[in-house]
>>> print(open('start-v1.tsv').read())   # TSV, C-alpha atoms
chain	number	residue	atom	x	y	z
A	1	MET	CA	12.67	-8.66	-15.05
A	2	SER	CA	14.42	-12.03	-15.01
A	3	PRO	CA	14.69	-13.97	-11.74
A	4	GLU	CA	18.46	-13.27	-11.80
A	5	PHE	CA	17.83	-9.52	-12.16
A	6	GLU	CA	15.33	-9.65	-9.31
A	7	THR	CA	17.79	-11.51	-7.08
A	8	PHE	CA	20.56	-9.04	-7.87
A	9	LEU	CA	18.27	-6.10	-7.05
A	10	ALA	CA	17.31	-7.74	-3.76
A	11	ARG	CA	21.01	-8.17	-2.93
A	12	LEU	CA	21.67	-4.52	-3.81
A	13	TYR	CA	18.96	-3.51	-1.34
A	14	THR	CA	20.23	-5.73	1.47
A	15	ASP	CA	24.02	-6.16	1.06
A	16	ALA	CA	25.91	-2.93	1.82
A	17	PRO	CA	29.39	-4.08	0.64
A	18	LEU	CA	27.92	-5.33	-2.66
A	19	ARG	CA	26.05	-2.03	-3.05
A	20	ALA	CA	29.24	-0.04	-2.49
A	21	ARG	CA	31.09	-2.16	-5.09
A	22	PHE	CA	28.19	-1.78	-7.49
A	23	LEU	CA	27.99	2.00	-7.12
A	24	ALA	CA	31.74	2.23	-7.74
A	25	GLY	CA	31.36	0.36	-11.03
A	26	PRO	CA	27.74	-0.53	-11.90
A	27	ARG	CA	28.41	-2.03	-15.33
A	28	GLU	CA	31.31	-4.19	-14.16
A	29	GLU	CA	29.44	-5.53	-11.13
A	30	ALA	CA	26.29	-6.24	-13.15
A	31	GLU	CA	28.31	-8.09	-15.79
A	32	ARG	CA	30.04	-10.10	-13.07
A	33	GLN	CA	26.57	-11.32	-12.01
A	34	GLY	CA	25.92	-12.69	-15.51
A	35	LEU	CA	23.00	-10.35	-16.27
A	36	THR	CA	21.90	-9.61	-19.85
A	37	VAL	CA	23.23	-6.61	-21.76
A	38	GLU	CA	19.86	-4.82	-21.39
A	39	GLU	CA	19.83	-5.45	-17.66
A	40	CYS	CA	23.42	-4.20	-17.33
A	41	VAL	CA	22.54	-1.02	-19.26
A	42	ALA	CA	19.47	-0.47	-17.03
A	43	LEU	CA	21.57	-0.89	-13.90
A	44	GLU	CA	24.19	1.53	-15.19
A	45	ARG	CA	21.47	4.20	-15.22
A	46	ILE	CA	20.10	3.28	-11.81
A	47	ASP	CA	18.61	5.97	-9.57
A	48	ARG	CA	21.56	6.09	-7.14
A	49	VAL	CA	19.96	8.35	-4.53
A	50	GLY	CA	16.82	6.23	-4.61
A	51	LEU	CA	18.84	3.04	-4.21
A	52	GLU	CA	20.68	4.33	-1.13
A	53	LEU	CA	17.53	5.69	0.49
A	54	SER	CA	15.54	2.55	-0.28
A	55	ALA	CA	18.28	0.35	1.15
A	56	ARG	CA	18.33	2.46	4.33
A	57	SER	CA	14.55	2.36	4.64
A	58	PHE	CA	14.41	-1.42	4.07
A	59	ALA	CA	17.18	-1.99	6.65
A	60	HIS	CA	15.16	0.01	9.17
A	61	LYS	CA	12.06	-2.09	8.45
A	62	ARG	CA	14.03	-5.34	8.85
A	63	THR	CA	15.36	-4.13	12.20
A	64	LEU	CA	11.85	-3.25	13.37
A	65	LYS	CA	10.49	-6.64	12.31
A	66	ALA	CA	13.35	-8.51	14.00
A	67	SER	CA	12.83	-6.64	17.30
A	68	SER	CA	9.09	-7.21	17.09
A	69	ARG	CA	9.69	-10.96	16.54
A	70	ARG	CA	12.09	-11.03	19.52
A	71	ALA	CA	9.53	-9.27	21.73
A	72	ARG	CA	6.79	-11.64	20.65
A	73	SER	CA	8.95	-14.69	21.24
A	74	TRP	CA	9.96	-13.40	24.72
A	75	TRP	CA	6.30	-12.77	25.58
A	76	ASN	CA	5.26	-16.20	24.28
A	77	SER	CA	7.89	-17.94	26.38
A	78	VAL	CA	6.81	-16.05	29.53
A	79	ARG	CA	3.17	-16.88	28.84
A	80	ALA	CA	3.98	-20.54	28.15
A	81	ALA	CA	5.93	-20.77	31.42
A	82	VAL	CA	3.04	-19.25	33.38
A	83	TRP	CA	0.58	-21.55	31.63
A	84	ARG	CA	2.64	-24.64	32.49
A	85	ARG	CA	2.90	-23.75	36.17
A	86	PRO	CA	0.88	-26.13	38.34
A	87	ARG	CA	-2.22	-24.46	39.74
A	88	HIS	CA	-3.11	-24.99	43.38
B	1	MET	CA	-29.81	9.48	-13.59
B	2	ALA	CA	-26.06	10.14	-13.22
B	3	GLU	CA	-26.79	12.31	-10.16
B	4	VAL	CA	-28.81	9.52	-8.56
B	5	VAL	CA	-25.94	7.06	-9.02
B	6	VAL	CA	-23.47	9.49	-7.47
B	7	ALA	CA	-25.82	10.25	-4.56
B	8	ASP	CA	-26.32	6.51	-3.92
B	9	ALA	CA	-22.57	5.97	-3.95
B	10	ALA	CA	-22.06	8.84	-1.51
B	11	ALA	CA	-24.60	7.33	0.88
B	12	SER	CA	-22.70	4.03	0.80
B	13	ASP	CA	-19.17	5.42	1.22
B	14	ARG	CA	-17.49	4.01	4.33
B	15	PHE	CA	-14.61	5.28	6.43
B	16	GLY	CA	-12.32	3.44	8.80
B	17	LEU	CA	-8.97	2.89	10.43
B	18	THR	CA	-6.23	0.29	10.42
B	19	TRP	CA	-6.34	-1.90	13.52
B	20	GLN	CA	-3.46	-1.25	15.92
B	21	PRO	CA	-3.30	-2.64	19.47
B	22	ALA	CA	-2.44	0.88	20.70
B	23	LEU	CA	-5.67	2.17	19.15
B	24	ALA	CA	-7.88	-0.71	20.26
B	25	ALA	CA	-9.63	1.08	23.13
B	26	GLY	CA	-10.17	4.21	21.03
B	27	ILE	CA	-11.56	2.23	18.10
B	28	LEU	CA	-13.94	0.21	20.28
B	29	ALA	CA	-15.18	3.35	22.02
B	30	ASN	CA	-15.92	5.10	18.73
B	31	LEU	CA	-17.54	2.46	16.55
B	32	ASP	CA	-20.38	4.91	15.90
B	33	ARG	CA	-17.87	7.02	13.92
B	34	ILE	CA	-15.82	4.20	12.39
B	35	ASP	CA	-17.57	2.22	9.67
B	36	LEU	CA	-14.94	-0.48	9.26
B	37	VAL	CA	-11.54	-1.64	10.44
B	38	GLU	CA	-8.60	-2.92	8.40
B	39	VAL	CA	-6.54	-5.77	9.83
B	40	ILE	CA	-2.97	-6.49	8.69
B	41	ALA	CA	-2.97	-10.15	7.67
B	42	GLU	CA	0.61	-11.00	8.62
B	43	GLU	CA	0.15	-9.65	12.15
B	44	GLN	CA	-2.56	-12.27	12.69
B	45	PHE	CA	-0.63	-15.27	11.37
B	46	GLY	CA	1.29	-15.81	14.60
B	47	ALA	CA	-1.32	-14.38	16.93
B	48	SER	CA	-2.29	-16.15	20.15
B	49	SER	CA	-5.64	-17.91	20.30
B	50	ARG	CA	-6.81	-15.19	22.71
B	51	ALA	CA	-5.93	-12.43	20.23
B	52	THR	CA	-7.60	-14.41	17.47
B	53	ARG	CA	-10.80	-14.77	19.48
B	54	ALA	CA	-10.73	-11.04	20.22
B	55	LEU	CA	-10.49	-10.32	16.52
B	56	GLU	CA	-13.38	-12.64	15.74
B	57	THR	CA	-15.42	-10.77	18.36
B	58	LEU	CA	-14.46	-7.49	16.71
B	59	ALA	CA	-15.60	-8.91	13.36
B	60	HIS	CA	-19.09	-9.29	14.84
B	61	GLN	CA	-19.15	-5.61	15.81
B	62	VAL	CA	-17.70	-3.90	12.75
B	63	PRO	CA	-17.00	-4.96	9.15
B	64	LEU	CA	-13.35	-5.94	8.67
B	65	LEU	CA	-10.93	-5.73	5.77
B	66	VAL	CA	-7.87	-7.98	5.53
B	67	HIS	CA	-4.76	-6.28	4.17
B	68	GLY	CA	-1.66	-8.26	3.20
B	69	VAL	CA	1.79	-6.68	3.31
B	70	ALA	CA	4.20	-9.55	2.59
B	71	LEU	CA	2.90	-11.66	-0.27
B	72	GLY	CA	4.86	-9.82	-2.96
B	73	PRO	CA	2.85	-10.71	-6.08
B	74	ALA	CA	4.75	-8.31	-8.37
B	75	SER	CA	7.56	-10.80	-8.80
B	76	THR	CA	8.79	-13.20	-11.45
B	77	ALA	CA	8.73	-15.90	-8.77
B	78	PRO	CA	5.44	-17.64	-7.94
B	79	VAL	CA	3.87	-16.46	-4.68
B	80	ASP	CA	4.34	-18.72	-1.69
B	81	VAL	CA	1.44	-21.17	-1.43
B	82	ARG	CA	1.91	-21.52	2.35
B	83	ARG	CA	1.35	-17.79	2.79
B	84	LEU	CA	-1.73	-18.02	0.60
B	85	ASP	CA	-3.06	-20.92	2.67
B	86	LYS	CA	-2.69	-18.81	5.83
B	87	LEU	CA	-4.41	-15.90	4.11
B	88	ALA	CA	-7.22	-18.18	2.97
B	89	ARG	CA	-7.77	-19.41	6.55
B	90	LEU	CA	-7.78	-15.84	7.89
B	91	VAL	CA	-10.23	-14.67	5.24
B	92	GLU	CA	-12.47	-17.66	5.93
B	93	ARG	CA	-12.43	-16.95	9.68
B	94	LEU	CA	-12.95	-13.18	9.57
B	95	GLU	CA	-15.19	-12.96	6.47
B	96	PRO	CA	-13.85	-9.50	5.51
B	97	VAL	CA	-15.62	-7.19	3.09
B	98	PHE	CA	-12.60	-7.77	0.83
B	99	TRP	CA	-8.90	-8.55	1.10
B	100	SER	CA	-6.07	-6.63	-0.50
B	101	GLU	CA	-2.36	-6.79	-1.31
B	102	HIS	CA	0.33	-4.48	-2.64
B	103	LEU	CA	1.63	-4.35	-6.18
B	104	ALA	CA	5.14	-4.96	-4.93
B	105	TRP	CA	7.80	-7.61	-4.54
B	106	VAL	CA	9.30	-8.27	-1.11
B	107	ARG	CA	11.80	-11.11	-1.53
B	108	ALA	CA	13.92	-12.97	-4.04
B	109	GLY	CA	14.72	-16.56	-3.12
B	110	ASP	CA	15.76	-16.50	0.52
B	111	ILE	CA	16.58	-12.78	0.52
B	112	GLU	CA	13.92	-10.85	2.43
B	113	ILE	CA	14.05	-7.18	1.42
B	114	GLY	CA	12.12	-6.12	4.51
B	115	HIS	CA	9.40	-4.08	2.88
B	116	LEU	CA	7.57	-3.33	-0.36
B	117	ALA	CA	9.80	-2.81	-3.40
B	118	ALA	CA	8.57	-1.47	-6.73
B	119	ALA	CA	8.92	-3.94	-9.60
B	120	PRO	CA	10.48	-2.84	-12.88
B	121	ARG	CA	7.52	-1.72	-15.00
B	122	THR	CA	7.64	-4.06	-18.00
B	123	ALA	CA	5.37	-6.42	-19.92
B	124	ALA	CA	7.10	-9.35	-18.18
B	125	THR	CA	6.24	-8.10	-14.68
B	126	ILE	CA	2.65	-7.37	-15.73
B	127	ASP	CA	2.23	-11.01	-16.84
B	128	ALA	CA	4.00	-12.41	-13.78
B	129	THR	CA	1.97	-10.23	-11.40
B	130	ALA	CA	-1.31	-11.21	-13.07
B	131	ALA	CA	-0.37	-14.89	-12.81
B	132	ASN	CA	0.45	-14.50	-9.11
B	133	LEU	CA	-2.80	-12.65	-8.43
B	134	SER	CA	-4.72	-15.36	-10.23
B	135	ARG	CA	-3.00	-18.02	-8.07
B	136	ALA	CA	-3.85	-15.96	-4.97
B	137	ALA	CA	-7.49	-15.62	-5.98
B	138	SER	CA	-7.86	-19.34	-6.61
B	139	ILE	CA	-6.43	-20.29	-3.19
B	140	VAL	CA	-8.01	-17.54	-1.07
B	141	GLY	CA	-11.33	-17.83	-2.87
B	142	SER	CA	-11.68	-14.22	-3.99
B	143	ARG	CA	-9.65	-11.69	-5.94
B	144	PRO	CA	-7.70	-9.18	-3.86
B	145	MET	CA	-7.88	-5.47	-4.41
B	146	VAL	CA	-4.39	-4.37	-5.41
B	147	GLU	CA	-2.65	-1.32	-3.99
B	148	ASN	CA	-0.23	1.07	-5.69
B	149	ILE	CA	2.91	1.50	-3.59
B	150	ALA	CA	5.17	4.41	-2.71
B	151	THR	CA	8.78	4.09	-3.80
B	152	LEU	CA	11.96	6.00	-3.09
B	153	MET	CA	13.63	4.60	-6.20
B	154	ASP	CA	12.50	4.69	-9.78
B	155	PRO	CA	12.66	0.95	-10.53
B	156	PRO	CA	15.45	0.18	-13.04
B	157	ALA	CA	14.68	-1.42	-16.42
B	158	SER	CA	11.18	0.10	-16.49
B	159	ASP	CA	9.79	0.88	-19.94
B	160	ARG	CA	6.49	2.52	-18.95
B	161	SER	CA	4.99	4.87	-16.37
B	162	GLU	CA	3.65	3.73	-13.01
B	163	VAL	CA	0.03	4.45	-13.90
B	164	GLU	CA	0.32	2.59	-17.24
B	165	TRP	CA	1.81	-0.41	-15.45
B	166	ILE	CA	-0.89	-0.44	-12.76
B	167	SER	CA	-3.70	-0.12	-15.30
B	168	SER	CA	-2.26	-3.01	-17.31
B	169	VAL	CA	-1.98	-5.20	-14.20
B	170	MET	CA	-5.62	-4.45	-13.35
B	171	THR	CA	-6.71	-5.34	-16.87
B	172	ALA	CA	-4.64	-8.54	-16.95
B	173	SER	CA	-5.63	-9.70	-13.46
B	174	GLY	CA	-9.21	-8.49	-13.19
B	175	CYS	CA	-8.36	-7.06	-9.76
B	176	ASP	CA	-9.76	-3.69	-8.71
B	177	LEU	CA	-7.61	-0.95	-7.27
B	178	LEU	CA	-7.05	0.01	-3.68
B	179	LEU	CA	-5.81	3.48	-4.52
B	180	ASP	CA	-3.36	4.79	-1.93
B	181	LEU	CA	-3.54	8.55	-2.40
B	182	HIS	CA	-0.58	9.23	-0.15
B	183	ASN	CA	1.52	6.87	-2.27
B	184	VAL	CA	0.47	8.78	-5.39
B	185	HIS	CA	1.38	12.01	-3.61
B	186	ALA	CA	4.76	10.66	-2.45
B	187	ASN	CA	5.71	9.32	-5.88
B	188	SER	CA	4.62	12.54	-7.58
B	189	LEU	CA	6.97	14.49	-5.29
B	190	ASN	CA	9.83	12.04	-5.80
B	191	PHE	CA	9.49	11.60	-9.55
B	192	ASP	CA	7.87	14.87	-10.55
B	193	PHE	CA	4.59	13.92	-12.19
B	194	ASP	CA	1.15	15.50	-12.04
B	195	GLN	CA	-1.06	13.77	-9.45
B	196	VAL	CA	-4.37	14.78	-11.04
B	197	GLU	CA	-3.18	13.62	-14.46
B	198	TYR	CA	-2.33	10.29	-12.78
B	199	LEU	CA	-5.96	10.02	-11.57
B	200	ASP	CA	-7.23	10.95	-15.04
B	201	ARG	CA	-5.43	7.94	-16.46
B	202	LEU	CA	-7.08	5.46	-14.08
B	203	ASP	CA	-10.48	3.94	-14.78
B	204	PRO	CA	-12.57	5.38	-11.90
B	205	GLU	CA	-14.93	2.41	-12.09
B	206	ARG	CA	-12.06	0.15	-11.04
B	207	ILE	CA	-11.24	2.08	-7.88
B	208	GLY	CA	-12.82	0.18	-4.98
B	209	ALA	CA	-11.03	1.57	-1.96
B	210	ILE	CA	-8.76	4.39	-0.86
B	211	HIS	CA	-5.88	4.60	1.60
B	212	ILE	CA	-4.80	7.88	3.12
B	213	ALA	CA	-1.74	8.39	5.32
B	214	GLY	CA	1.14	10.72	6.06
B	215	GLY	CA	4.89	10.86	5.58
B	216	CYS	CA	7.99	13.04	5.75
B	217	TRP	CA	11.02	14.17	3.80
B	218	ILE	CA	14.29	12.28	4.21
B	219	GLU	CA	17.75	13.23	2.94
B	220	SER	CA	20.26	11.06	1.14
B	221	PRO	CA	23.20	10.10	3.39
B	222	GLY	CA	26.63	11.45	2.51
B	223	ASP	CA	25.38	13.22	-0.57
B	224	GLU	CA	26.84	16.70	-0.85
B	225	ARG	CA	23.75	17.91	-2.69
B	226	ARG	CA	21.60	16.47	0.15
B	227	GLU	CA	18.94	15.30	-2.27
B	228	ARG	CA	15.58	14.73	-0.60
B	229	ARG	CA	12.88	12.14	-1.13
B	230	TYR	CA	9.46	11.91	0.45
B	231	LEU	CA	8.85	8.79	2.55
B	232	ASP	CA	5.43	7.24	3.11
B	233	ASP	CA	5.93	6.36	6.79
B	234	HIS	CA	2.39	6.27	8.25
B	235	LEU	CA	3.75	8.19	11.25
B	236	HIS	CA	2.47	11.65	10.36
B	237	ASP	CA	-0.86	13.33	9.73
B	238	VAL	CA	-2.48	13.17	6.31
B	239	PRO	CA	-1.17	16.20	4.36
B	240	ASP	CA	-3.57	18.63	2.66
B	241	PRO	CA	-2.77	17.55	-0.93
B	242	VAL	CA	-4.06	14.04	-0.12
B	243	TYR	CA	-7.47	15.46	0.87
B	244	ASP	CA	-7.43	17.45	-2.39
B	245	LEU	CA	-6.83	14.20	-4.27
B	246	LEU	CA	-9.73	12.61	-2.40
B	247	VAL	CA	-11.99	15.41	-3.68
B	248	GLU	CA	-10.76	14.60	-7.21
B	249	VAL	CA	-11.51	10.89	-6.73
B	250	GLY	CA	-14.98	11.74	-5.43
B	251	ALA	CA	-15.62	13.79	-8.55
B	252	ARG	CA	-14.70	10.85	-10.78
B	253	ALA	CA	-15.83	7.65	-9.04
B	254	ARG	CA	-19.44	6.55	-9.21
B	255	ARG	CA	-19.25	3.43	-7.12
B	256	PRO	CA	-19.26	3.47	-3.31
B	257	LEU	CA	-15.79	3.76	-1.83
B	258	THR	CA	-14.11	2.53	1.32
B	259	VAL	CA	-11.62	5.03	2.74
B	260	LEU	CA	-9.04	3.87	5.29
B	261	LEU	CA	-6.74	6.04	7.36
B	262	GLU	CA	-3.44	4.25	7.96
B	263	ARG	CA	-1.44	5.14	11.06
B	264	ASP	CA	1.31	2.79	12.28
B	265	GLY	CA	2.94	4.75	15.12
B	266	ARG	CA	3.48	8.06	16.96
B	267	PHE	CA	-0.22	7.89	17.66
B	268	PRO	CA	-1.98	11.16	18.34
B	269	PRO	CA	-5.09	11.24	20.56
B	270	MET	CA	-8.01	9.30	19.10
B	271	ARG	CA	-10.02	12.49	18.62
B	272	HIS	CA	-7.30	13.74	16.24
B	273	LEU	CA	-7.50	10.56	14.12
B	274	LEU	CA	-11.29	10.85	14.08
B	275	TRP	CA	-10.94	14.47	12.98
B	276	GLN	CA	-8.82	13.29	10.03
B	277	LEU	CA	-11.50	10.73	9.18
B	278	GLU	CA	-14.11	13.52	9.25
B	279	ARG	CA	-11.92	15.60	6.89
B	280	ALA	CA	-11.80	12.59	4.56
B	281	ARG	CA	-15.60	12.26	4.68
B	282	ALA	CA	-15.95	15.94	3.86
B	283	ALA	CA	-13.42	15.75	1.00
B	284	LEU	CA	-15.06	12.75	-0.65
B	285	ALA	CA	-18.51	14.31	-0.20
B	286	GLU	CA	-17.25	17.53	-1.81
B	287	GLY	CA	-16.05	15.56	-4.83
B	288	ARG	CA	-19.36	13.65	-5.04
B	289	LEU	CA	-21.24	16.95	-4.92
B	290	ARG	CA	-19.09	18.37	-7.69
B	291	ALA	CA	-19.89	15.34	-9.85
B	292	GLN	CA	-23.61	15.78	-9.15
B	293	ARG	CA	-23.51	19.46	-10.10
B	294	CYS	CA	-21.61	18.65	-13.28
B	295	GLY	CA	-24.17	15.99	-14.16
B	296	GLN	CA	-27.12	18.33	-13.47
B	297	GLY	CA	-25.55	21.16	-15.47
B	298	ARG	CA	-24.91	18.89	-18.41
B	299	ALA	CA	-28.41	17.38	-18.29
B	300	GLN	CA	-30.04	20.84	-18.20
B	301	ARG	CA	-28.00	22.03	-21.18
B	302	ASN	CA	-28.32	18.94	-23.35
B	303	GLY	CA	-31.30	17.06	-22.05
B	304	ASP	CA	-29.03	14.02	-21.70
B	305	PRO	CA	-28.03	12.17	-18.55
B	306	GLY	CA	-24.30	12.90	-18.95
B	307	PRO	CA	-21.37	10.67	-19.73
B	308	ASP	CA	-20.87	7.24	-18.22
B	309	ARG	CA	-17.69	8.26	-16.49
B	310	THR	CA	-18.10	11.28	-14.27
B	311	LYS	CA	-14.96	13.33	-14.73
B	312	VAL	CA	-14.01	16.68	-13.35
B	313	CYS	CA	-15.83	19.30	-15.34
B	314	ASP	CA	-14.69	22.78	-16.23
B	315	GLU	CA	-17.66	24.58	-14.69
B	316	SER	CA	-16.71	23.49	-11.16
>>> encode(input="start-v1.tsv", output="C-alpha cells")
Amino acid sequence: MSPEFETFLARLYTDAPLRARFLAGPREEAERQGLTVEECVALERIDRVGLELSARSFAHKRTLKASSRRARSWWNSVRAAVWRRPRH
Amino acid sequence: MAEVVVADAAASDRFGLTWQPALAAGILANLDRIDLVEVIAEEQFGASSRATRALETLAHQVPLLVHGVALGPASTAPVDVRRLDKLARLVERLEPVFWSEHLAWVRAGDIEIGHLAAAPRTAATIDATAANLSRAASIVGSRPMVENIATLMDPPASDRSEVEWISSVMTASGCDLLLDLHNVHANSLNFDFDQVEYLDRLDPERIGAIHIAGGCWIESPGDERRERRYLDDHLHDVPDPVYDLLVEVGARARRPLTVLLERDGRFPPMRHLLWQLERARAALAEGRLRAQRCGQGRAQRNGDPGPDRTKVCDES
C-alpha cells in the first residue's frame, strides 16, 4: 500500500460524494487520483458492500467521538468555572 | 510433563473486564471475581487529575492492562510520536501487566477515519507495521501485544489471507498476539472461512491474551439484495461460537492466558457480565483439560511426553 493509496482509501471511507463518484466509475476515479495500475485494478474489484457498510460504521464512530468530546469539553468548562469561583 | 505445563498454565489463567465508568461500582464490588481490568489508553489521555488519581488507586487493587485504540500501526505512515509519548507516560504511571494495540490503520495524513480499518495484506504493510511496532516499543519501553481486528470490508489490494498476514507481522515485529475471538468469528462470517482452521494456522505459543465480545448483523443500505455483514459492536452478549473457539484455544495454548470481556454499552446487570466471565473460565478450562487428556493418552501409548505444541487431538 503506497501512502497515496492509503490516503485515497481514507477519503473513500470518509467522503460520501467521492465514494458515490468512485462507485459509479471505480477505474476512472482511481486513475484521476494518480494511483498505479495495480492499485487501480485492485480498486476496480473493491468489495462494494463492505465499503458502504464500513463507511457507515466509521461515520457513526466519528459522530460518537465528536459528541463525547463536546460533552467532555462542556463538563470541563463547568468544572473550571466552579473551581474559579471565590470560596467564602 | 506436557500435562504439568498445561495444568500450570490453567492455574495462572486470568479473567477480566474492560474498564467503563458505568461499570465502575460493579467492578469494584466484585474484585474477588475479576482478576484484572483493561483500561483504554486514549480515554485516559485527556482525563482530569481526579480521574487519573482514581485509576492509580485502582491499579493498586487489581492488575491493569493498557489497551490502545488509535495508534494505527498498520500504516505506511510512521506512527505519531506524540501519541507514543502519551502512551509511554500512561504505561509508566499505571505499570500494566502489558499494553496492546490493534493491527489496524486509523488515519491518513489529516483524515481521521474514526475507527480501526484493515490494512491491505501485503509484504509492504507487514514491513511498515513491524517498523511502527518497533518504534512504539522503543518509546513506550516494551513491545505491545497486537490484536487482530474485525472488518466489514475485505481490504483491497491484499495478496494473502488475514491469518498469514498476522503471523508474518508477529514474526517481523516480535510482538505476541492478543487474539480477539469475536473478531475471528465476525470475519469468518463475513468472508466465509473456517474459524478453527484459522486457529490451526496461528502459533499457539505466541497467543498471550484473548478478547471476547459480542456483535450483530447489519444490512447494506439501498442494496436490493440486502446483503448482510456481521458487526463487532461490543454491545451484545458473547455468542456461543466464541466460547467454542475459547475451548479450542485452551486445547492448543500451553502458556497462561489473560481473557478479557469487552463491553462498551447497553450494559446488562453486573451479574450477567460476571456470568459471561464464568462461562469463559469454564470454556478455557475445558480446552486445557482436553489438552491434558490428549497428552496423557499419548504418553501412555508411546511412553513419550507428547509434542511440543498441544493441538486438538482426534480422541477428544
>>> closest_atom_pairs(input="start-v1.tsv", of="chain B", to="chain A", cutoff="7 Å", atoms="only C-alpha atoms", output="CSV")
residue,atom,partner,partner_atom,distance
B:Thr76,CA,A:Pro3,CA,6.0
B:Ala77,CA,A:Pro3,CA,6.9
B:Arg107,CA,A:Ala10,CA,6.8
B:Ala108,CA,A:Thr7,CA,5.1
B:Ile111,CA,A:Ala10,CA,6.7
B:Ile113,CA,A:Ala10,CA,6.1
B:Gly114,CA,A:Arg62,CA,4.8
B:His115,CA,A:Phe58,CA,5.8
B:Pro120,CA,A:Met1,CA,6.6
B:Ala124,CA,A:Met1,CA,6.4
B:Thr125,CA,A:Met1,CA,6.5
B:Leu152,CA,A:Gly50,CA,5.1
B:Met153,CA,A:Gly50,CA,3.9
B:Asp154,CA,A:Asp47,CA,6.2
B:Pro156,CA,A:Ala42,CA,5.7
B:Ala157,CA,A:Ala42,CA,4.9
B:Ser220,CA,A:Leu53,CA,6.1
>>> residues_around(input="start-v1.tsv", residues="segment 82-98 of chain B", least_positions_apart="2", cutoff="9 Å", atoms="only C-alpha atoms", output="tab-separated table (two decimals) with C-alpha atoms, keeping the file's coordinate frame")
chain	number	residue	atom	x	y	z
B	38	GLU	CA	-8.60	-2.92	8.40
B	41	ALA	CA	-2.97	-10.15	7.67
B	42	GLU	CA	0.61	-11.00	8.62
B	44	GLN	CA	-2.56	-12.27	12.69
B	45	PHE	CA	-0.63	-15.27	11.37
B	55	LEU	CA	-10.49	-10.32	16.52
B	56	GLU	CA	-13.38	-12.64	15.74
B	59	ALA	CA	-15.60	-8.91	13.36
B	60	HIS	CA	-19.09	-9.29	14.84
B	63	PRO	CA	-17.00	-4.96	9.15
B	64	LEU	CA	-13.35	-5.94	8.67
B	65	LEU	CA	-10.93	-5.73	5.77
B	66	VAL	CA	-7.87	-7.98	5.53
B	67	HIS	CA	-4.76	-6.28	4.17
B	68	GLY	CA	-1.66	-8.26	3.20
B	70	ALA	CA	4.20	-9.55	2.59
B	71	LEU	CA	2.90	-11.66	-0.27
B	79	VAL	CA	3.87	-16.46	-4.68
B	80	ASP	CA	4.34	-18.72	-1.69
B	100	SER	CA	-6.07	-6.63	-0.50
B	135	ARG	CA	-3.00	-18.02	-8.07
B	136	ALA	CA	-3.85	-15.96	-4.97
B	139	ILE	CA	-6.43	-20.29	-3.19
B	140	VAL	CA	-8.01	-17.54	-1.07
B	141	GLY	CA	-11.33	-17.83	-2.87
B	142	SER	CA	-11.68	-14.22	-3.99
B	143	ARG	CA	-9.65	-11.69	-5.94
B	144	PRO	CA	-7.70	-9.18	-3.86
B	145	MET	CA	-7.88	-5.47	-4.41
>>> atom_distance(input="start-v1.tsv", atom1="atom CA of Gly287 of chain B", atom2="atom CA of Leu260 of chain B")
17.0 Å
>>> residues_near_point(input="start-v1.tsv", point="(-1.0, -12.7, -11.7)", cutoff="12 Å", atoms="all atoms listed in the file", output="ChimeraX atom specification")
/B:72-79,103-104,124-138,143-144,146,168-175
>>> atom_distance(input="start-v1.tsv", atom1="atom CA of Leu23 of chain B", atom2="atom CA of Ser48 of chain B")
18.7 Å
>>> atom_distance(input="start-v1.tsv", atom1="atom CA of Leu177 of chain B", atom2="atom CA of Val69 of chain B")
15.3 Å
>>> residues_around(input="start-v1.tsv", residues="Gly265 of chain B", least_positions_apart="3", cutoff="10 Å", atoms="all atoms listed in the file", output="MDAnalysis selection string")
chainID B and resid 20 22:23 233:236 262 268
>>> closest_residue(input="start-v1.tsv", among="B:Ala9, B:Cys216, B:Ala282, B:Ile149", to="Ala253 of chain B", atoms="only C-alpha atoms")
B:Ala9
>>> closest_residue(input="start-v1.tsv", among="B:Arg255, B:Ala186, B:Asp194, B:Tyr230", to="Arg206 of chain B", atoms="only C-alpha atoms")
B:Arg255
>>> residues_around(input="start-v1.tsv", residues="Val184 of chain B", least_positions_apart="6", cutoff="8 Å", atoms="all atoms listed in the file", output="PyMOL selection string")
chain B and resi 148-150+195
>>> build_atoms(input="start-v1.tsv", residues="segment 60-66 of chain A", atoms="N, CA, C and O atoms", output="short mmCIF file (atom, residue, chain, number, x, y, z; two decimals), in the coordinates of the input")
data_model
loop_
_atom_site.label_atom_id
_atom_site.label_comp_id
_atom_site.auth_asym_id
_atom_site.auth_seq_id
_atom_site.Cartn_x
_atom_site.Cartn_y
_atom_site.Cartn_z
N HIS A 60 15.90 -0.43 7.99
CA HIS A 60 15.16 0.01 9.17
C HIS A 60 13.94 -0.89 9.41
O HIS A 60 13.67 -1.32 10.53
N LYS A 61 13.25 -1.21 8.34
CA LYS A 61 12.06 -2.09 8.45
C LYS A 61 12.47 -3.48 8.93
O LYS A 61 11.78 -4.08 9.76
N ARG A 62 13.60 -4.01 8.41
CA ARG A 62 14.03 -5.34 8.85
C ARG A 62 14.38 -5.33 10.33
O ARG A 62 14.05 -6.27 11.05
N THR A 63 15.01 -4.24 10.78
CA THR A 63 15.36 -4.13 12.20
C THR A 63 14.09 -4.11 13.05
O THR A 63 14.00 -4.79 14.08
N LEU A 64 13.11 -3.33 12.63
CA LEU A 64 11.85 -3.25 13.37
C LEU A 64 11.17 -4.61 13.46
O LEU A 64 10.68 -5.01 14.51
N LYS A 65 11.16 -5.33 12.33
CA LYS A 65 10.49 -6.64 12.31
C LYS A 65 11.23 -7.62 13.22
O LYS A 65 10.59 -8.40 13.93
N ALA A 66 12.56 -7.58 13.18
CA ALA A 66 13.35 -8.51 14.00
C ALA A 66 13.09 -8.23 15.49
O ALA A 66 12.90 -9.15 16.28
#
